[in-house]
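A short write-up of the structure that comes next.
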Amino acid sequence: MPPDQVCHRCGSTDPNYTFEPVSGHGVIRSWTTVRQAFLPGFADDVPFVLVDVELAEPGEVRLIGRLLDGPEASPRLGAPVRVDWERVDDDVAVPAFVLAEGVAA
Ligand SMILES: [Zn+2]
């Protein structure tokens, strides 16, 4: 995500993607804490945690987003998360995640 021009699985340059709704639940596959802003516009946002989430739906659909629990959150491999939305503009919201430990997925 977002859809690429080349299918990562078979290499097709005409992958025929379709959009399908998903539950918004998944588990953390990897994460990193971003401490340096490479663009001036992000200077006020660091540090933040970026998570690589495998969604609950079959097909190994993965999505990268910010973890909204804050820089002190302690993510772990396989921890359940659910999608939340980070509003970046009046008309634009991007998917982000929050830890869902102890919450039924
Ligand atoms: Zn393919």
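Convention: chains lettered A, B, ... in structure tokens order; per-chain residue numbering from 1; ligands numbered from 1 as shown.
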Open item on the list: Counting only C-alpha atoms and all ligand atoms, what are the residues, protein, DNA or RNA alike, that approach ligand 1 to within 12 Å? I want them as a PyMOL selection string.
Closed with: chain A and resi 3-18+59
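Contact shell of Leu50 (chain A) at 10 Å (only C-alpha atoms; same-chain neighbours under 3 positions omitted): Ser30, Trp31, Thr32, Thr33, Val34, Pro47, Val53, Ile64, Gly65, Arg66, Leu67, Leu68, Pro71, Pro75, Ala96 and Phe97 of chain A.
For region 11-79 of chain A, the set of residues given strand (DSSP E) by DSSP on the backbone reads His25, Gly26, Val27, Ile28, Arg29, Ser30, Trp31, Thr32, Thr33, Val34, Phe48, Val49, Leu50, Val51, Asp52, Val53, Glu54, Leu55, Arg62, Leu63, Ile64, Gly65, Arg66 and Leu67 of chain A.
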Open item on the list: Give me the residues near region 82-89 of chain A as number ranges by chain, where near means some atom within 8 Å (using only C-alpha atoms) and where sequence neighbours in that chain fewer than 2 positions away do not count.
Closed with: A: 24-26, 80, 91-100, 105
Atoms to include: N, CA and C atoms. Write the selected residues as a tab-separated table (two decimals), in the first residue's frame.
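The file below, selection12.tsv, is the result:
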chain	number	residue	atom	x	y	z
A	24	GLY	N	-9.75	-3.47	9.52
A	24	GLY	CA	-8.96	-2.49	10.25
A	24	GLY	C	-8.21	-3.10	11.42
A	25	HIS	N	-8.34	-4.42	11.60
A	25	HIS	CA	-7.60	-5.10	12.66
A	25	HIS	C	-6.39	-5.79	12.05
A	26	GLY	N	-5.32	-5.87	12.84
A	26	GLY	CA	-4.13	-6.55	12.36
A	26	GLY	C	-3.14	-6.73	13.49
A	80	PRO	N	-1.65	-7.00	18.73
A	80	PRO	CA	-2.82	-6.59	17.96
A	80	PRO	C	-2.98	-5.07	17.94
A	91	ASP	N	-9.78	17.81	4.46
A	91	ASP	CA	-10.34	16.82	3.54
A	91	ASP	C	-9.55	15.53	3.49
A	92	VAL	N	-8.46	15.44	4.25
A	92	VAL	CA	-7.59	14.27	4.12
A	92	VAL	C	-7.33	13.63	5.48
A	93	ALA	N	-7.58	12.32	5.55
A	93	ALA	CA	-7.21	11.54	6.73
A	93	ALA	C	-6.44	10.32	6.23
A	94	VAL	N	-5.39	9.97	6.94
A	94	VAL	CA	-4.60	8.80	6.53
A	94	VAL	C	-4.71	7.72	7.61
A	95	PRO	N	-4.64	6.45	7.19
A	95	PRO	CA	-4.74	5.38	8.18
A	95	PRO	C	-3.55	5.37	9.12
A	96	ALA	N	-3.83	5.19	10.39
A	96	ALA	CA	-2.82	5.04	11.42
A	96	ALA	C	-3.32	3.92	12.32
A	97	PHE	N	-2.57	3.60	13.37
A	97	PHE	CA	-2.95	2.48	14.21
A	97	PHE	C	-2.85	2.83	15.68
A	98	VAL	N	-3.61	2.08	16.51
A	98	VAL	CA	-3.48	2.15	17.96
A	98	VAL	C	-3.38	0.72	18.48
A	99	LEU	N	-2.65	0.55	19.56
A	99	LEU	CA	-2.51	-0.77	20.18
A	99	LEU	C	-3.88	-1.23	20.65
A	100	ALA	N	-4.16	-2.51	20.47
A	100	ALA	CA	-5.46	-3.07	20.85
A	100	ALA	C	-5.25	-4.24	21.80
A	105	ALA	N	-10.02	-8.83	18.82
A	105	ALA	CA	-9.74	-8.35	17.48
A	105	ALA	C	-10.90	-8.63	16.52
